[in-house]
Amino acid sequence: MSSRDERLVRIPAGGAAVEGNLRIPKAPSGLVVFAHGSGSSRFSPRNRFVAGVLEEAGLATLLIDLLTPQEEAVDELTRHLRFDIRLLAERLVAASEWARQYPDTRHLPFGYFGASTGAGAALVAAAERPDLVKAIVSRGGRPDLAGPALPLVTAPTLLIVGGRDDVVIELNQRAFDRLRCEKRLEIVPGATHLFEEPGTLEQVAWLARDWFVRYLAKAGENRANVA
């Protein structure tokens, strides 16, 4: 598989199946699974940009839709499934279990990149399955939605928020205080919720790259030593 190839994958998730786009660069050091939220999808240009930066750094990426097309259609009308953190977390765990069995990714340490409500789901999934995830990054996320799972997270966690996203900053600060793992809260100056201002999304991507490269490499070394 060349660094430019992209595979469309279909992942069983309970009684449903979700779709994803998997990209694996040459000799990857880890896999980052993207959890979207709040009406977004695996085609989000912002998350695809971040994924591209991670791939250049030698990380495989899996961008998945946590809702089926039928569920997304319902959610467009009701806007309730995007806040069903339990459902989203279960789908994320299912995708991780799938990746652990997939021949080209099963040997890799995993990380989660969560945006909006997807960040809450990533933290819940990580708290329930610490064996599956070794690093977490949240972009403009709602980690507060992880609720009682926050103190149970063991994976190093980076929360990134825009400096002009006042409400979300406060929600992230509250969640940050409840985390007991290695953690960091990074506020990008001048950025609003979607990081649309020039240069701000690049800062998100670089912060995420450095976090994942650092902690997934460490997880990979630990795995090799155990083996």
# chains A, B, ... in the order shown; residues from 1 in each chain; ligands from 1
call {"tool": "residues_around", "arguments": {"residues": "A:Arg42", "least_positions_apart": "3", "cutoff": "10 Å", "atoms": "only C-alpha atoms", "output": "PyMOL selection string"}}
result
chain A and resi 19-21+34-37+45-48+62-66
call {"tool": "select_by_dssp", "arguments": {"residues": "stretch 93-225 of chain A", "states": "alpha helix (DSSP H)", "output": "PyMOL selection string"}}
result
chain A and resi 93-101+117-128+166-178+200-225
call {"tool": "select_by_dssp", "arguments": {"residues": "stretch 5-198 of chain A", "states": "strand (DSSP E or B)", "output": "PyMOL selection string"}}
result
chain A and resi 7-13+16-23+30-35+59-64+110-115+136-139+157-162+183-188
call {"tool": "closest_residue", "arguments": {"among": "A:Ala191, A:Lys134, A:Glu6, A:Gly114", "to": "A:Ala217", "atoms": "only C-alpha atoms"}}
result
A:Lys134
call {"tool": "closest_residue", "arguments": {"among": "A:Ser44, A:Thr154, A:Ser96, A:Thr105", "to": "A:Leu59", "atoms": "only C-alpha atoms"}}
result
A:Thr105
call {"tool": "residues_around", "arguments": {"residues": "A:Leu92", "least_positions_apart": "6", "cutoff": "10 Å", "atoms": "only C-alpha atoms", "output": "mmCIF file with N, CA and C atoms, in the first residue's frame"}}
result
data_model
loop_
_atom_site.group_PDB
_atom_site.id
_atom_site.type_symbol
_atom_site.label_atom_id
_atom_site.label_comp_id
_atom_site.auth_asym_id
_atom_site.auth_seq_id
_atom_site.Cartn_x
_atom_site.Cartn_y
_atom_site.Cartn_z
ATOM 1 N N ALA A 13 -20.234 -2.946 13.767
ATOM 2 C CA ALA A 13 -20.345 -2.255 15.050
ATOM 3 C C ALA A 13 -21.681 -2.615 15.674
ATOM 4 N N VAL A 18 -20.299 0.666 10.087
ATOM 5 C CA VAL A 18 -19.898 2.037 9.781
ATOM 6 C C VAL A 18 -18.772 2.001 8.754
ATOM 7 N N VAL A 33 -7.137 6.954 15.176
ATOM 8 C CA VAL A 33 -8.536 6.809 14.786
ATOM 9 C C VAL A 33 -9.245 8.128 15.076
ATOM 10 N N PHE A 34 -9.919 8.669 14.067
ATOM 11 C CA PHE A 34 -10.605 9.956 14.199
ATOM 12 C C PHE A 34 -12.067 9.744 14.564
ATOM 13 N N ALA A 35 -12.510 10.447 15.611
ATOM 14 C CA ALA A 35 -13.899 10.385 16.054
ATOM 15 C C ALA A 35 -14.543 11.744 15.803
ATOM 16 N N ILE A 64 -13.438 7.588 10.433
ATOM 17 C CA ILE A 64 -14.654 6.790 10.365
ATOM 18 C C ILE A 64 -15.882 7.645 10.670
ATOM 19 N N ASP A 65 -17.012 7.201 10.140
ATOM 20 C CA ASP A 65 -18.306 7.761 10.510
ATOM 21 C C ASP A 65 -18.857 6.914 11.646
ATOM 22 N N LEU A 66 -19.103 7.539 12.779
ATOM 23 C CA LEU A 66 -19.598 6.785 13.925
ATOM 24 C C LEU A 66 -21.095 6.502 13.830
ATOM 25 N N ARG A 86 -22.578 7.401 24.660
ATOM 26 C CA ARG A 86 -22.462 5.957 24.856
ATOM 27 C C ARG A 86 -22.424 5.229 23.512
ATOM 28 N N TRP A 98 -11.701 -3.764 15.440
ATOM 29 C CA TRP A 98 -11.529 -4.156 14.035
ATOM 30 C C TRP A 98 -10.085 -3.898 13.592
ATOM 31 N N TYR A 112 -6.444 8.224 19.640
ATOM 32 C CA TYR A 112 -7.743 8.772 19.238
ATOM 33 C C TYR A 112 -7.617 10.277 19.039
ATOM 34 N N GLY A 118 -17.260 14.028 19.446
ATOM 35 C CA GLY A 118 -16.403 12.864 19.252
ATOM 36 C C GLY A 118 -15.298 12.788 20.289
ATOM 37 N N ALA A 121 -16.695 10.998 23.259
ATOM 38 C CA ALA A 121 -16.762 9.564 22.973
ATOM 39 C C ALA A 121 -15.379 8.929 23.047
ATOM 40 N N ALA A 122 -14.357 9.625 22.561
ATOM 41 C CA ALA A 122 -12.992 9.089 22.592
ATOM 42 C C ALA A 122 -12.527 8.865 24.030
ATOM 43 N N VAL A 124 -14.467 8.376 26.724
ATOM 44 C CA VAL A 124 -15.233 7.272 27.311
ATOM 45 C C VAL A 124 -14.670 5.932 26.829
ATOM 46 N N ALA A 125 -14.417 5.832 25.523
ATOM 47 C CA ALA A 125 -13.876 4.594 24.963
ATOM 48 C C ALA A 125 -12.501 4.286 25.563
ATOM 49 N N ALA A 126 -11.676 5.317 25.717
ATOM 50 C CA ALA A 126 -10.332 5.115 26.275
ATOM 51 C C ALA A 126 -10.386 4.680 27.727
#
call {"tool": "residues_around", "arguments": {"residues": "A:Glu186", "least_positions_apart": "2", "cutoff": "7 Å", "atoms": "only C-alpha atoms", "output": "ChimeraX atom specification"}}
result
/A:159-161,184,188
call {"tool": "write_last_selection", "arguments": {"atoms": "N, CA and C atoms", "output": "compact mmCIF listing (two decimals), in the first residue's frame"}}
result
# COMPACT_ATOMS: atom_id res chain seq x y z
N LEU A 159 -5.80 18.48 25.16
CA LEU A 159 -7.01 19.22 24.81
C LEU A 159 -6.61 20.51 24.10
N ILE A 160 -7.10 20.70 22.86
CA ILE A 160 -6.78 21.90 22.09
C ILE A 160 -8.06 22.70 21.88
N VAL A 161 -8.02 23.98 22.24
CA VAL A 161 -9.20 24.84 22.14
C VAL A 161 -8.80 26.18 21.53
N ARG A 184 -2.50 17.87 29.05
CA ARG A 184 -2.09 19.22 28.67
C ARG A 184 -3.28 19.92 28.04
N VAL A 188 -5.16 27.89 21.44
CA VAL A 188 -4.58 28.49 20.23
C VAL A 188 -5.07 29.94 20.13
call {"tool": "residues_around", "arguments": {"residues": "A:Val137", "least_positions_apart": "2", "cutoff": "9 Å", "atoms": "only C-alpha atoms", "output": "JSON, numbers by chain"}}
result
{"A": [111, 112, 113, 114, 115, 119, 122, 135, 139, 156, 157, 158, 159, 160, 207, 208, 211, 212]}
call {"tool": "write_last_selection", "arguments": {"atoms": "N, CA and C atoms", "output": "mmCIF file, in the first residue's frame"}}
result
data_model
loop_
_atom_site.group_PDB
_atom_site.id
_atom_site.type_symbol
_atom_site.label_atom_id
_atom_site.label_comp_id
_atom_site.auth_asym_id
_atom_site.auth_seq_id
_atom_site.Cartn_x
_atom_site.Cartn_y
_atom_site.Cartn_z
ATOM 1 N N GLY A 111 -4.064 5.635 18.784
ATOM 2 C CA GLY A 111 -4.424 6.887 19.406
ATOM 3 C C GLY A 111 -5.785 7.329 18.899
ATOM 4 N N TYR A 112 -6.444 8.224 19.640
ATOM 5 C CA TYR A 112 -7.743 8.772 19.238
ATOM 6 C C TYR A 112 -7.617 10.277 19.039
ATOM 7 N N PHE A 113 -8.194 10.764 17.931
ATOM 8 C CA PHE A 113 -8.311 12.202 17.701
ATOM 9 C C PHE A 113 -9.800 12.513 17.663
ATOM 10 N N GLY A 114 -10.288 13.245 18.653
ATOM 11 C CA GLY A 114 -11.714 13.524 18.740
ATOM 12 C C GLY A 114 -12.021 14.988 18.521
ATOM 13 N N ALA A 115 -13.081 15.265 17.758
ATOM 14 C CA ALA A 115 -13.530 16.633 17.535
ATOM 15 C C ALA A 115 -14.963 16.775 18.025
ATOM 16 N N ALA A 119 -14.895 13.948 20.840
ATOM 17 C CA ALA A 119 -13.870 13.947 21.885
ATOM 18 C C ALA A 119 -14.397 13.291 23.157
ATOM 19 N N ALA A 122 -14.357 9.625 22.561
ATOM 20 C CA ALA A 122 -12.992 9.089 22.592
ATOM 21 C C ALA A 122 -12.527 8.865 24.030
ATOM 22 N N ALA A 135 -2.902 7.287 23.417
ATOM 23 C CA ALA A 135 -2.787 8.748 23.377
ATOM 24 C C ALA A 135 -4.087 9.316 22.823
ATOM 25 N N ARG A 139 -9.809 18.246 19.552
ATOM 26 C CA ARG A 139 -9.798 19.541 18.854
ATOM 27 C C ARG A 139 -11.170 20.212 19.004
ATOM 28 N N PRO A 156 -2.286 9.468 27.875
ATOM 29 C CA PRO A 156 -1.930 10.887 27.847
ATOM 30 C C PRO A 156 -2.882 11.662 26.941
ATOM 31 N N THR A 157 -3.420 12.772 27.453
ATOM 32 C CA THR A 157 -4.498 13.482 26.767
ATOM 33 C C THR A 157 -4.150 14.945 26.547
ATOM 34 N N LEU A 158 -4.304 15.402 25.303
ATOM 35 C CA LEU A 158 -4.073 16.790 24.919
ATOM 36 C C LEU A 158 -5.397 17.413 24.497
ATOM 37 N N LEU A 159 -5.802 18.484 25.156
ATOM 38 C CA LEU A 159 -7.014 19.215 24.807
ATOM 39 C C LEU A 159 -6.607 20.507 24.099
ATOM 40 N N ILE A 160 -7.100 20.700 22.863
ATOM 41 C CA ILE A 160 -6.780 21.901 22.086
ATOM 42 C C ILE A 160 -8.063 22.700 21.877
ATOM 43 N N LEU A 207 0.490 20.385 16.832
ATOM 44 C CA LEU A 207 0.376 19.952 18.230
ATOM 45 C C LEU A 207 -0.029 18.478 18.313
ATOM 46 N N ALA A 208 -1.009 18.086 17.490
ATOM 47 C CA ALA A 208 -1.467 16.699 17.484
ATOM 48 C C ALA A 208 -0.354 15.770 17.011
ATOM 49 N N TRP A 211 2.232 15.260 19.744
ATOM 50 C CA TRP A 211 1.690 14.467 20.853
ATOM 51 C C TRP A 211 1.633 12.990 20.489
ATOM 52 N N PHE A 212 1.093 12.703 19.307
ATOM 53 C CA PHE A 212 0.971 11.300 18.901
ATOM 54 C C PHE A 212 2.328 10.665 18.623
#
call {"tool": "residues_around", "arguments": {"residues": "A:Leu171", "least_positions_apart": "6", "cutoff": "12 Å", "atoms": "only C-alpha atoms", "output": "PyMOL selection string"}}
result
chain A and resi 116+120+140-147+159-161+165+177-178+185
call {"tool": "write_last_selection", "arguments": {"atoms": "N, CA and C atoms", "output": "tab-separated table (two decimals), in the first residue's frame"}}
result
chain	number	residue	atom	x	y	z
A	116	SER	N	-15.25	17.90	18.66
A	116	SER	CA	-16.59	18.19	19.17
A	116	SER	C	-17.08	17.06	20.09
A	120	GLY	N	-15.65	13.58	23.49
A	120	GLY	CA	-16.26	12.92	24.65
A	120	GLY	C	-16.31	11.42	24.46
A	140	GLY	N	-11.20	21.33	19.71
A	140	GLY	CA	-12.47	22.01	19.90
A	140	GLY	C	-13.53	21.07	20.44
A	141	GLY	N	-13.11	20.18	21.32
A	141	GLY	CA	-13.96	19.07	21.74
A	141	GLY	C	-14.83	19.38	22.94
A	142	ARG	N	-15.67	18.39	23.24
A	142	ARG	CA	-16.52	18.44	24.43
A	142	ARG	C	-16.12	17.30	25.37
A	143	PRO	N	-14.93	17.38	25.94
A	143	PRO	CA	-14.49	16.32	26.86
A	143	PRO	C	-15.38	16.24	28.10
A	144	ASP	N	-16.06	17.34	28.41
A	144	ASP	CA	-16.96	17.33	29.57
A	144	ASP	C	-18.06	16.28	29.44
A	145	LEU	N	-18.41	15.93	28.18
A	145	LEU	CA	-19.47	14.95	27.96
A	145	LEU	C	-19.04	13.54	28.36
A	146	ALA	N	-17.76	13.35	28.64
A	146	ALA	CA	-17.30	12.03	29.11
A	146	ALA	C	-17.70	11.80	30.56
A	147	GLY	N	-18.04	12.87	31.27
A	147	GLY	CA	-18.58	12.75	32.62
A	147	GLY	C	-17.71	11.93	33.57
A	159	LEU	N	-5.80	18.48	25.16
A	159	LEU	CA	-7.01	19.22	24.81
A	159	LEU	C	-6.61	20.51	24.10
A	160	ILE	N	-7.10	20.70	22.86
A	160	ILE	CA	-6.78	21.90	22.09
A	160	ILE	C	-8.06	22.70	21.88
A	161	VAL	N	-8.02	23.98	22.24
A	161	VAL	CA	-9.20	24.84	22.14
A	161	VAL	C	-8.80	26.18	21.53
A	165	ASP	N	-12.93	30.79	21.67
A	165	ASP	CA	-14.05	29.85	21.86
A	165	ASP	C	-14.36	29.78	23.36
A	177	ASP	N	-9.46	19.49	34.70
A	177	ASP	CA	-9.25	19.36	36.14
A	177	ASP	C	-9.64	17.97	36.65
A	178	ARG	N	-10.53	17.29	35.95
A	178	ARG	CA	-11.00	15.97	36.39
A	178	ARG	C	-10.13	14.83	35.86
A	185	LEU	N	-3.46	21.19	28.36
A	185	LEU	CA	-4.50	22.02	27.74
A	185	LEU	C	-3.82	23.12	26.94
call {"tool": "residues_around", "arguments": {"residues": "A:Pro189", "least_positions_apart": "4", "cutoff": "10 Å", "atoms": "only C-alpha atoms", "output": "count of residues only"}}
result
7
call {"tool": "closest_residue", "arguments": {"among": "A:Val168, A:Leu67, A:Ile187, A:Leu216", "to": "A:Ala155", "atoms": "only C-alpha atoms"}}
result
A:Leu216
call {"tool": "atom_distance", "arguments": {"atom1": "atom CA of A:Tyr215", "atom2": "atom CA of A:Leu31"}}
result
11.6 Å
